[in-house]
$ cat protein-v8.pdb   # PDB, C-alpha atoms, pLDDT in the B column
ATOM      1  CA  MET A   1      79.060  57.598  40.594  1.00 73.00           C
ATOM      2  CA  ARG A   2      78.383  56.123  37.180  1.00 86.00           C
ATOM      3  CA  ILE A   3      78.554  59.475  35.463  1.00 90.00           C
ATOM      4  CA  GLY A   4      81.793  60.103  37.363  1.00 90.00           C
ATOM      5  CA  PHE A   5      83.287  57.000  35.792  1.00 91.00           C
ATOM      6  CA  MET A   6      82.086  57.992  32.316  1.00 93.00           C
ATOM      7  CA  VAL A   7      83.594  61.446  32.637  1.00 94.00           C
ATOM      8  CA  GLY A   8      86.838  59.936  33.895  1.00 93.00           C
ATOM      9  CA  ILE A   9      87.025  57.561  30.951  1.00 94.00           C
ATOM     10  CA  LEU A  10      86.296  60.445  28.594  1.00 94.00           C
ATOM     11  CA  GLY A  11      89.156  62.404  30.194  1.00 94.00           C
ATOM     12  CA  GLY A  12      91.449  59.406  29.721  1.00 94.00           C
ATOM     13  CA  ILE A  13      90.493  59.138  26.062  1.00 95.00           C
ATOM     14  CA  LEU A  14      91.233  62.837  25.571  1.00 95.00           C
ATOM     15  CA  LEU A  15      94.659  62.379  27.149  1.00 94.00           C
ATOM     16  CA  ALA A  16      95.410  59.364  24.968  1.00 94.00           C
ATOM     17  CA  HIS A  17      94.413  61.326  21.884  1.00 95.00           C
ATOM     18  CA  ALA A  18      96.562  64.258  22.963  1.00 94.00           C
ATOM     19  CA  GLY A  19      99.513  61.895  23.463  1.00 93.00           C
ATOM     20  CA  TYR A  20      99.053  60.395  20.028  1.00 94.00           C
ATOM     21  CA  ALA A  21      98.823  63.847  18.463  1.00 94.00           C
ATOM     22  CA  THR A  22     102.063  64.860  20.210  1.00 93.00           C
ATOM     23  CA  ILE A  23     103.826  61.753  18.902  1.00 93.00           C
ATOM     24  CA  GLN A  24     102.769  62.649  15.369  1.00 93.00           C
ATOM     25  CA  TYR A  25     103.805  66.269  15.915  1.00 92.00           C
ATOM     26  CA  ARG A  26     107.270  65.134  16.970  1.00 91.00           C
ATOM     27  CA  GLY A  27     107.468  62.937  13.888  1.00 91.00           C
ATOM     28  CA  MET A  28     106.657  65.953  11.772  1.00 91.00           C
ATOM     29  CA  LEU A  29     109.284  68.040  13.608  1.00 90.00           C
ATOM     30  CA  LYS A  30     111.890  65.380  12.865  1.00 88.00           C
ATOM     31  CA  ILE A  31     111.119  65.702   9.174  1.00 90.00           C
ATOM     32  CA  VAL A  32     111.533  69.492   9.151  1.00 89.00           C
ATOM     33  CA  GLU A  33     114.463  69.165  11.597  1.00 84.00           C
ATOM     34  CA  GLU A  34     113.204  71.537  14.273  1.00 82.00           C
ATOM     35  CA  GLU A  35     113.498  71.352  18.058  1.00 82.00           C
ATOM     36  CA  PHE A  36     110.542  70.342  20.230  1.00 82.00           C
ATOM     37  CA  SER A  37     109.639  73.104  22.661  1.00 83.00           C
ATOM     38  CA  ARG A  38     105.972  72.587  23.467  1.00 82.00           C
ATOM     39  CA  PRO A  39     103.028  70.747  21.922  1.00 87.00           C
ATOM     40  CA  PRO A  40     100.748  72.661  19.504  1.00 90.00           C
ATOM     41  CA  MET A  41      98.046  74.822  21.002  1.00 92.00           C
ATOM     42  CA  ASN A  42      95.155  72.446  20.263  1.00 93.00           C
ATOM     43  CA  VAL A  43      96.992  69.636  22.075  1.00 94.00           C
ATOM     44  CA  VAL A  44      97.546  71.921  25.080  1.00 94.00           C
ATOM     45  CA  VAL A  45      93.839  72.757  25.126  1.00 95.00           C
ATOM     46  CA  GLU A  46      93.007  69.078  24.893  1.00 95.00           C
ATOM     47  CA  LEU A  47      95.361  68.288  27.808  1.00 94.00           C
ATOM     48  CA  LEU A  48      93.796  70.966  30.003  1.00 94.00           C
ATOM     49  CA  LEU A  49      90.300  69.785  29.101  1.00 94.00           C
ATOM     50  CA  GLY A  50      91.264  66.204  29.928  1.00 95.00           C
ATOM     51  CA  LEU A  51      92.716  67.423  33.238  1.00 94.00           C
ATOM     52  CA  ALA A  52      89.486  69.240  34.068  1.00 94.00           C
ATOM     53  CA  PHE A  53      87.383  66.152  33.280  1.00 95.00           C
ATOM     54  CA  CYS A  54      89.664  63.932  35.361  1.00 95.00           C
ATOM     55  CA  ILE A  55      89.624  66.321  38.335  1.00 94.00           C
ATOM     56  CA  TRP A  56      85.850  66.320  38.210  1.00 93.00           C
ATOM     57  CA  ALA A  57      85.733  62.516  37.948  1.00 94.00           C
ATOM     58  CA  ALA A  58      88.242  62.129  40.819  1.00 92.00           C
ATOM     59  CA  LEU A  59      85.953  64.174  43.053  1.00 91.00           C
ATOM     60  CA  ALA A  60      82.619  62.730  41.914  1.00 90.00           C
ATOM     61  CA  ALA A  61      83.372  59.020  41.483  1.00 89.00           C
ATOM     62  CA  PRO A  62      84.588  57.961  44.985  1.00 88.00           C
ATOM     63  CA  ALA A  63      82.071  57.649  47.763  1.00 83.00           C
ATOM     64  CA  LYS A  64      80.302  60.709  49.068  1.00 85.00           C
ATOM     65  CA  PHE A  65      81.513  62.137  52.346  1.00 83.00           C
ATOM     66  CA  ARG A  66      79.508  60.984  55.323  1.00 83.00           C
ATOM     67  CA  SER A  67      79.122  62.990  58.483  1.00 82.00           C
ATOM     68  CA  ILE A  68      81.191  61.858  61.453  1.00 80.00           C
ATOM     69  CA  HIS A  69      79.083  63.424  64.163  1.00 79.00           C
ATOM     70  CA  PRO A  70      77.125  60.685  65.895  1.00 71.00           C
ATOM     71  CA  ASP A  71      74.147  62.915  66.472  1.00 69.00           C
ATOM     72  CA  SER A  72      73.806  64.395  63.009  1.00 69.00           C
ATOM     73  CA  GLU A  73      70.595  63.964  61.090  1.00 65.00           C
ATOM     74  CA  GLU A  74      71.867  61.399  58.582  1.00 65.00           C
ATOM     75  CA  ASN A  75      73.393  59.091  61.214  1.00 64.00           C
ATOM     76  CA  ARG A  76      70.170  58.309  62.998  1.00 65.00           C
ATOM     77  CA  ILE A  77      68.943  54.783  63.438  1.00 65.00           C
ATOM     78  CA  VAL A  78      65.361  55.388  62.491  1.00 57.00           C
ATOM     79  CA  SER A  79      63.788  52.024  63.060  1.00 57.00           C
ATOM     80  CA  LEU A  80      64.492  48.869  65.016  1.00 60.00           C
ATOM     81  CA  PRO A  81      65.580  45.829  63.046  1.00 63.00           C
ATOM     82  CA  ALA A  82      63.005  43.108  62.608  1.00 66.00           C
ATOM     83  CA  ASN A  83      64.747  40.573  64.835  1.00 69.00           C
ATOM     84  CA  LEU A  84      64.703  41.891  68.385  1.00 73.00           C
ATOM     85  CA  ASP A  85      65.604  38.597  70.069  1.00 79.00           C
ATOM     86  CA  PHE A  86      69.294  39.424  70.345  1.00 76.00           C
ATOM     87  CA  MET A  87      69.056  43.134  71.065  1.00 78.00           C
ATOM     88  CA  ILE A  88      70.095  44.144  74.553  1.00 81.00           C
ATOM     89  CA  PHE A  89      68.893  47.398  76.041  1.00 80.00           C
ATOM     90  CA  ASN A  90      70.268  47.090  79.570  1.00 87.00           C
ATOM     91  CA  HIS A  91      73.831  48.230  78.766  1.00 87.00           C
ATOM     92  CA  ARG A  92      76.166  51.044  79.740  1.00 89.00           C
ATOM     93  CA  GLY A  93      74.591  53.399  77.215  1.00 83.00           C
ATOM     94  CA  LYS A  94      71.999  54.290  79.791  1.00 84.00           C
ATOM     95  CA  VAL A  95      74.391  56.832  81.316  1.00 86.00           C
ATOM     96  CA  PHE A  96      74.228  58.942  78.162  1.00 82.00           C
ATOM     97  CA  PRO A  97      71.683  61.754  78.400  1.00 81.00           C
ATOM     98  CA  CYS A  98      68.493  60.832  76.606  1.00 77.00           C
ATOM     99  CA  ASN A  99      67.141  63.130  73.936  1.00 74.00           C
ATOM    100  CA  ALA A 100      63.408  62.766  74.201  1.00 73.00           C
ATOM    101  CA  GLU A 101      62.643  65.151  71.369  1.00 72.00           C
ATOM    102  CA  TYR A 102      63.700  62.817  68.564  1.00 67.00           C
ATOM    103  CA  LYS A 103      60.761  61.964  66.334  1.00 67.00           C
ATOM    104  CA  LEU A 104      60.544  59.190  63.808  1.00 62.00           C
ATOM    105  CA  LYS A 105      61.936  60.464  60.484  1.00 59.00           C
ATOM    106  CA  LYS A 106      59.271  60.495  57.763  1.00 53.00           C
TER     107      LYS A 106
ATOM    108  CA  MET B   1      94.938  59.267  67.691  1.00 44.00           C
ATOM    109  CA  ALA B   2      93.021  57.772  70.558  1.00 42.00           C
ATOM    110  CA  ARG B   3      89.875  59.648  69.765  1.00 42.00           C
ATOM    111  CA  GLU B   4      87.862  57.017  67.938  1.00 42.00           C
ATOM    112  CA  GLY B   5      84.600  55.761  69.309  1.00 43.00           C
ATOM    113  CA  ASP B   6      81.519  54.159  67.928  1.00 44.00           C
ATOM    114  CA  ARG B   7      78.068  55.649  67.720  1.00 44.00           C
ATOM    115  CA  GLY B   8      76.766  57.334  70.792  1.00 41.00           C
ATOM    116  CA  ALA B   9      75.842  60.804  71.899  1.00 41.00           C
ATOM    117  CA  SER B  10      78.596  63.031  73.162  1.00 41.00           C
ATOM    118  CA  GLY B  11      78.171  63.298  76.901  1.00 41.00           C
ATOM    119  CA  GLY B  12      77.997  66.473  78.878  1.00 43.00           C
ATOM    120  CA  ALA B  13      80.787  68.747  79.994  1.00 46.00           C
ATOM    121  CA  GLU B  14      82.823  65.921  81.518  1.00 49.00           C
ATOM    122  CA  ASP B  15      83.433  64.299  78.100  1.00 53.00           C
ATOM    123  CA  ASP B  16      86.611  65.952  76.872  1.00 58.00           C
ATOM    124  CA  PRO B  17      87.660  64.007  73.729  1.00 69.00           C
ATOM    125  CA  PRO B  18      85.013  64.288  70.998  1.00 72.00           C
ATOM    126  CA  ILE B  19      83.426  61.040  69.826  1.00 75.00           C
ATOM    127  CA  PHE B  20      83.436  60.354  66.089  1.00 77.00           C
ATOM    128  CA  ASN B  21      81.685  57.832  63.963  1.00 77.00           C
ATOM    129  CA  ALA B  22      84.850  55.940  63.099  1.00 81.00           C
ATOM    130  CA  GLU B  23      83.627  54.000  60.077  1.00 82.00           C
ATOM    131  CA  ASN B  24      82.380  57.149  58.356  1.00 84.00           C
ATOM    132  CA  LEU B  25      85.671  58.906  59.085  1.00 87.00           C
ATOM    133  CA  GLN B  26      87.599  55.991  57.627  1.00 88.00           C
ATOM    134  CA  SER B  27      85.368  55.916  54.552  1.00 89.00           C
ATOM    135  CA  ASN B  28      85.957  59.635  54.020  1.00 89.00           C
ATOM    136  CA  ILE B  29      89.720  59.226  54.350  1.00 89.00           C
ATOM    137  CA  LYS B  30      89.704  56.362  51.845  1.00 90.00           C
ATOM    138  CA  SER B  31      87.706  58.474  49.435  1.00 91.00           C
ATOM    139  CA  ILE B  32      90.290  61.274  49.627  1.00 90.00           C
ATOM    140  CA  HIS B  33      93.095  58.770  49.118  1.00 91.00           C
ATOM    141  CA  TYR B  34      91.514  57.406  45.935  1.00 91.00           C
ATOM    142  CA  SER B  35      90.961  60.909  44.577  1.00 92.00           C
ATOM    143  CA  ARG B  36      94.535  61.989  45.241  1.00 92.00           C
ATOM    144  CA  THR B  37      96.094  58.825  43.820  1.00 93.00           C
ATOM    145  CA  PHE B  38      94.057  59.053  40.638  1.00 93.00           C
ATOM    146  CA  LEU B  39      94.911  62.714  40.179  1.00 94.00           C
ATOM    147  CA  SER B  40      98.621  62.045  40.776  1.00 94.00           C
ATOM    148  CA  ILE B  41      98.580  59.475  37.979  1.00 95.00           C
ATOM    149  CA  ILE B  42      96.650  61.739  35.607  1.00 95.00           C
ATOM    150  CA  GLY B  43      98.953  64.662  36.466  1.00 95.00           C
ATOM    151  CA  GLY B  44     101.964  62.483  35.696  1.00 95.00           C
ATOM    152  CA  VAL B  45     100.595  61.492  32.308  1.00 95.00           C
ATOM    153  CA  ILE B  46      99.825  65.101  31.415  1.00 95.00           C
ATOM    154  CA  ALA B  47     103.275  66.283  32.527  1.00 95.00           C
ATOM    155  CA  GLY B  48     104.866  63.584  30.375  1.00 94.00           C
ATOM    156  CA  ILE B  49     102.830  64.402  27.280  1.00 93.00           C
ATOM    157  CA  TRP B  50     103.395  68.133  27.695  1.00 92.00           C
ATOM    158  CA  GLY B  51     107.134  67.588  27.857  1.00 90.00           C
ATOM    159  CA  PHE B  52     107.909  69.044  31.263  1.00 90.00           C
ATOM    160  CA  THR B  53     111.395  68.379  32.528  1.00 89.00           C
ATOM    161  CA  GLY B  54     113.013  69.154  35.856  1.00 90.00           C
ATOM    162  CA  LEU B  55     111.477  71.561  38.320  1.00 94.00           C
ATOM    163  CA  THR B  56     108.569  72.527  36.056  1.00 93.00           C
ATOM    164  CA  GLY B  57     107.105  69.069  36.424  1.00 94.00           C
ATOM    165  CA  PHE B  58     107.161  69.213  40.225  1.00 94.00           C
ATOM    166  CA  ILE B  59     105.589  72.645  40.183  1.00 95.00           C
ATOM    167  CA  PHE B  60     102.857  71.238  37.939  1.00 94.00           C
ATOM    168  CA  TYR B  61     102.333  68.401  40.429  1.00 94.00           C
ATOM    169  CA  PHE B  62     101.884  70.776  43.346  1.00 93.00           C
ATOM    170  CA  LEU B  63      99.478  72.860  41.284  1.00 94.00           C
ATOM    171  CA  VAL B  64      97.374  69.779  40.528  1.00 93.00           C
ATOM    172  CA  MET B  65      97.439  68.821  44.216  1.00 93.00           C
ATOM    173  CA  ALA B  66      96.375  72.335  45.210  1.00 91.00           C
ATOM    174  CA  ALA B  67      93.456  72.104  42.770  1.00 92.00           C
ATOM    175  CA  ALA B  68      92.588  68.695  44.233  1.00 91.00           C
ATOM    176  CA  SER B  69      92.669  70.104  47.781  1.00 90.00           C
ATOM    177  CA  PHE B  70      90.352  72.903  46.768  1.00 90.00           C
ATOM    178  CA  GLY B  71      88.027  70.442  45.061  1.00 91.00           C
ATOM    179  CA  LEU B  72      87.982  68.165  48.124  1.00 90.00           C
ATOM    180  CA  ALA B  73      87.222  71.108  50.390  1.00 88.00           C
ATOM    181  CA  ALA B  74      84.371  72.039  48.050  1.00 89.00           C
ATOM    182  CA  LYS B  75      83.099  68.446  48.119  1.00 89.00           C
ATOM    183  CA  ALA B  76      83.008  68.683  51.909  1.00 86.00           C
ATOM    184  CA  LYS B  77      80.947  71.869  51.466  1.00 86.00           C
ATOM    185  CA  PHE B  78      83.781  73.806  53.183  1.00 84.00           C
ATOM    186  CA  SER B  79      82.693  72.588  56.630  1.00 83.00           C
ATOM    187  CA  ILE B  80      85.629  70.293  57.282  1.00 81.00           C
ATOM    188  CA  CYS B  81      84.715  69.537  60.882  1.00 81.00           C
ATOM    189  CA  THR B  82      81.533  67.761  59.802  1.00 81.00           C
ATOM    190  CA  TYR B  83      83.439  65.151  57.831  1.00 84.00           C
ATOM    191  CA  PHE B  84      86.993  65.037  59.182  1.00 84.00           C
ATOM    192  CA  ASP B  85      88.789  65.358  62.433  1.00 82.00           C
ATOM    193  CA  SER B  86      91.435  67.800  61.293  1.00 82.00           C
ATOM    194  CA  TRP B  87      92.280  70.151  58.406  1.00 81.00           C
ATOM    195  CA  ASN B  88      95.447  68.231  57.657  1.00 79.00           C
ATOM    196  CA  ARG B  89      93.413  65.359  56.236  1.00 72.00           C
ATOM    197  CA  ILE B  90      92.259  67.483  53.346  1.00 73.00           C
ATOM    198  CA  PHE B  91      95.311  69.559  52.738  1.00 78.00           C
ATOM    199  CA  LEU B  92      98.381  67.539  53.607  1.00 79.00           C
ATOM    200  CA  ASP B  93      97.682  63.815  53.687  1.00 75.00           C
ATOM    201  CA  GLY B  94      98.610  61.862  50.610  1.00 79.00           C
ATOM    202  CA  ILE B  95     100.616  64.582  48.896  1.00 82.00           C
ATOM    203  CA  PHE B  96     103.990  62.923  49.261  1.00 84.00           C
ATOM    204  CA  GLY B  97     102.591  59.462  48.643  1.00 85.00           C
ATOM    205  CA  GLY B  98     101.123  60.685  45.395  1.00 91.00           C
ATOM    206  CA  LEU B  99     104.459  62.219  44.415  1.00 93.00           C
ATOM    207  CA  MET B 100     105.918  58.777  43.777  1.00 92.00           C
ATOM    208  CA  SER B 101     103.042  57.790  41.476  1.00 93.00           C
ATOM    209  CA  PHE B 102     103.323  61.139  39.729  1.00 95.00           C
ATOM    210  CA  VAL B 103     107.031  60.701  38.962  1.00 95.00           C
ATOM    211  CA  LEU B 104     106.461  57.123  37.780  1.00 95.00           C
ATOM    212  CA  PHE B 105     103.766  58.035  35.280  1.00 95.00           C
ATOM    213  CA  TRP B 106     105.556  61.245  34.298  1.00 95.00           C
ATOM    214  CA  THR B 107     108.666  59.341  33.211  1.00 95.00           C
ATOM    215  CA  PHE B 108     106.532  56.634  31.638  1.00 94.00           C
ATOM    216  CA  ALA B 109     104.471  59.031  29.517  1.00 94.00           C
ATOM    217  CA  TYR B 110     107.519  61.155  28.638  1.00 94.00           C
ATOM    218  CA  ASP B 111     109.352  58.084  27.407  1.00 94.00           C
ATOM    219  CA  ILE B 112     106.441  56.885  25.317  1.00 92.00           C
ATOM    220  CA  VAL B 113     105.684  60.236  23.723  1.00 91.00           C
ATOM    221  CA  HIS B 114     109.087  61.864  23.351  1.00 88.00           C
ATOM    222  CA  ILE B 115     111.667  59.119  23.205  1.00 86.00           C
ATOM    223  CA  PHE B 116     110.260  56.021  21.569  1.00 79.00           C
TER     224      PHE B 116
END
$ encode --input "protein-v8.pdb" --output "structure tokens"
Amino acid sequence: MRIGFMVGILGGILLAHAGYATIQYRGMLKIVEEEFSRPPMNVVVELLLGLAFCIWAALAAPAKFRSIHPDSEENRIVSLPANLDFMIFNHRGKVFPCNAEYKLKK
Amino acid sequence: MAREGDRGASGGAEDDPPIFNAENLQSNIKSIHYSRTFLSIIGGVIAGIWGFTGLTGFIFYFLVMAAASFGLAAKAKFSICTYFDSWNRIFLDGIFGGLMSFVLFWTFAYDIVHIF
């Protein structure tokens, strides 16, 4: 997640630099009295690079996806908590079929 | 959708609605929402700097959203049913919400770069 943030900030810096370069380009166009059609090629490359970095950061920085199946491997409760005084085992869950093959995860 | 449930094994054949781990599903949906919102803002800034006007800007937005959808599907390792309850979560949710943020930052960046 940290490297996601760094890459996102780097993408933001690239975009800010591209914006500043475009402002200067427009200033130059005003001097030579030409119309603005599109930014120069290096600015376009910089924009696309910034977009790529930001897409990567937007996918890597938020939390990883967690499985929603209750019986998948990563959702197992692998050990009992230390305080058993308030744990109740005589509840309605006893009607669920018991899977006796589960072993303690190493 | 009345299909939420907390942890527990899916029963036998008599259990028709599937049981999901609701907090993981909600965390996944929040994660997608953050990704899409951030990319809408970044797409808006890029469209403004590039100088898009009119329909071109909206086409650029939908291209960025399509890239985001592909990236999210890749992040879910292309097995959507492991992480979400329907395909619409990845492909359709959040697109029109992000459109508002996109237009806001598009006009903002365009004004800063091209007008002032």
$ atom_distance --input "protein-v8.pdb" --atom1 "CA of Ile80 in chain B" --atom2 "CA of Phe53 in chain A"
24.4 Å
$ closest_atom_pairs --input "protein-v8.pdb" --of "chain B" --to "chain A" --cutoff "9 Å" --atoms "all atoms listed in the file" --output "CSV"
residue,atom,partner,partner_atom,distance
B:Asp6,CA,A:Pro70,CA,8.1
B:Arg7,CA,A:Pro70,CA,5.4
B:Gly8,CA,A:Pro70,CA,5.9
B:Ala9,CA,A:Asp71,CA,6.1
B:Ser10,CA,A:Pro70,CA,7.8
B:Gly11,CA,A:Phe96,CA,6.0
B:Gly12,CA,A:Pro97,CA,7.9
B:Ile19,CA,A:Pro70,CA,7.4
B:Phe20,CA,A:Ile68,CA,5.4
B:Asn21,CA,A:Ile68,CA,4.8
B:Ala22,CA,A:Ile68,CA,7.1
B:Glu23,CA,A:Ile68,CA,8.3
B:Asn24,CA,A:Arg66,CA,5.7
B:Leu25,CA,A:Ile68,CA,5.9
B:Ser27,CA,A:Phe65,CA,7.6
B:Asn28,CA,A:Phe65,CA,5.4
B:Ile29,CA,A:Phe65,CA,8.9
B:Lys30,CA,A:Pro62,CA,8.7
B:Ser31,CA,A:Pro62,CA,5.5
B:Ile32,CA,A:Pro62,CA,8.1
B:Tyr34,CA,A:Pro62,CA,7.0
B:Ser35,CA,A:Ala58,CA,4.8
B:Arg36,CA,A:Ala58,CA,7.7
B:Phe38,CA,A:Ala58,CA,6.6
B:Leu39,CA,A:Ile55,CA,6.7
B:Ile42,CA,A:Leu51,CA,7.3
B:Gly43,CA,A:Leu51,CA,7.5
B:Val45,CA,A:Leu15,CA,7.9
B:Ile46,CA,A:Leu47,CA,6.6
B:Gly48,CA,A:Gly19,CA,8.9
B:Ile49,CA,A:Gly19,CA,5.6
B:Trp50,CA,A:Pro39,CA,6.3
B:Gly51,CA,A:Arg38,CA,6.8
B:Phe52,CA,A:Arg38,CA,8.8
B:Val64,CA,A:Ile55,CA,8.8
B:Ala67,CA,A:Ile55,CA,8.2
B:Ala68,CA,A:Ile55,CA,7.0
B:Gly71,CA,A:Leu59,CA,6.9
B:Leu72,CA,A:Leu59,CA,6.8
B:Lys75,CA,A:Leu59,CA,7.2
B:Ala76,CA,A:Phe65,CA,6.7
B:Cys81,CA,A:Ile68,CA,8.5
B:Thr82,CA,A:Ser67,CA,5.5
B:Tyr83,CA,A:Ser67,CA,4.9
B:Phe84,CA,A:Ile68,CA,7.0
B:Asp85,CA,A:Ile68,CA,8.4
B:Ala109,CA,A:Gly19,CA,8.3
B:Ile112,CA,A:Ile23,CA,8.5
B:Val113,CA,A:Ile23,CA,5.4
B:His114,CA,A:Ile23,CA,6.9
$ atom_distance --input "protein-v8.pdb" --atom1 "CA of Phe58 in chain B" --atom2 "CA of His33 in chain B"
19.6 Å
$ atom_distance --input "protein-v8.pdb" --atom1 "CA of Thr37 in chain B" --atom2 "CA of Phe96 in chain B"
10.4 Å
$ axis_aligned_box --input "protein-v8.pdb" --around "range 5-15 of chain A" --padding-each-side "5 Å" --output "lines of an AutoDock Vina configuration file"
center_x = 88.4
center_y = 59.9
center_z = 30.7
size_x = 22.6
size_y = 15.8
size_z = 20.2
$ closest_residue --input "protein-v8.pdb" --among "B:Ser86, B:Ser79, B:Ser40, B:Ser69" --to "Gly57 in chain B" --atoms "all atoms listed in the file"
B:Ser40
$ resolve_selection --input "protein-v8.pdb" --expression "the PyMOL selection byres ((chain B and resi 91) around 9)" --output "ChimeraX atom specification"
/B:65-66,68-70,72-73,87-90,92-95
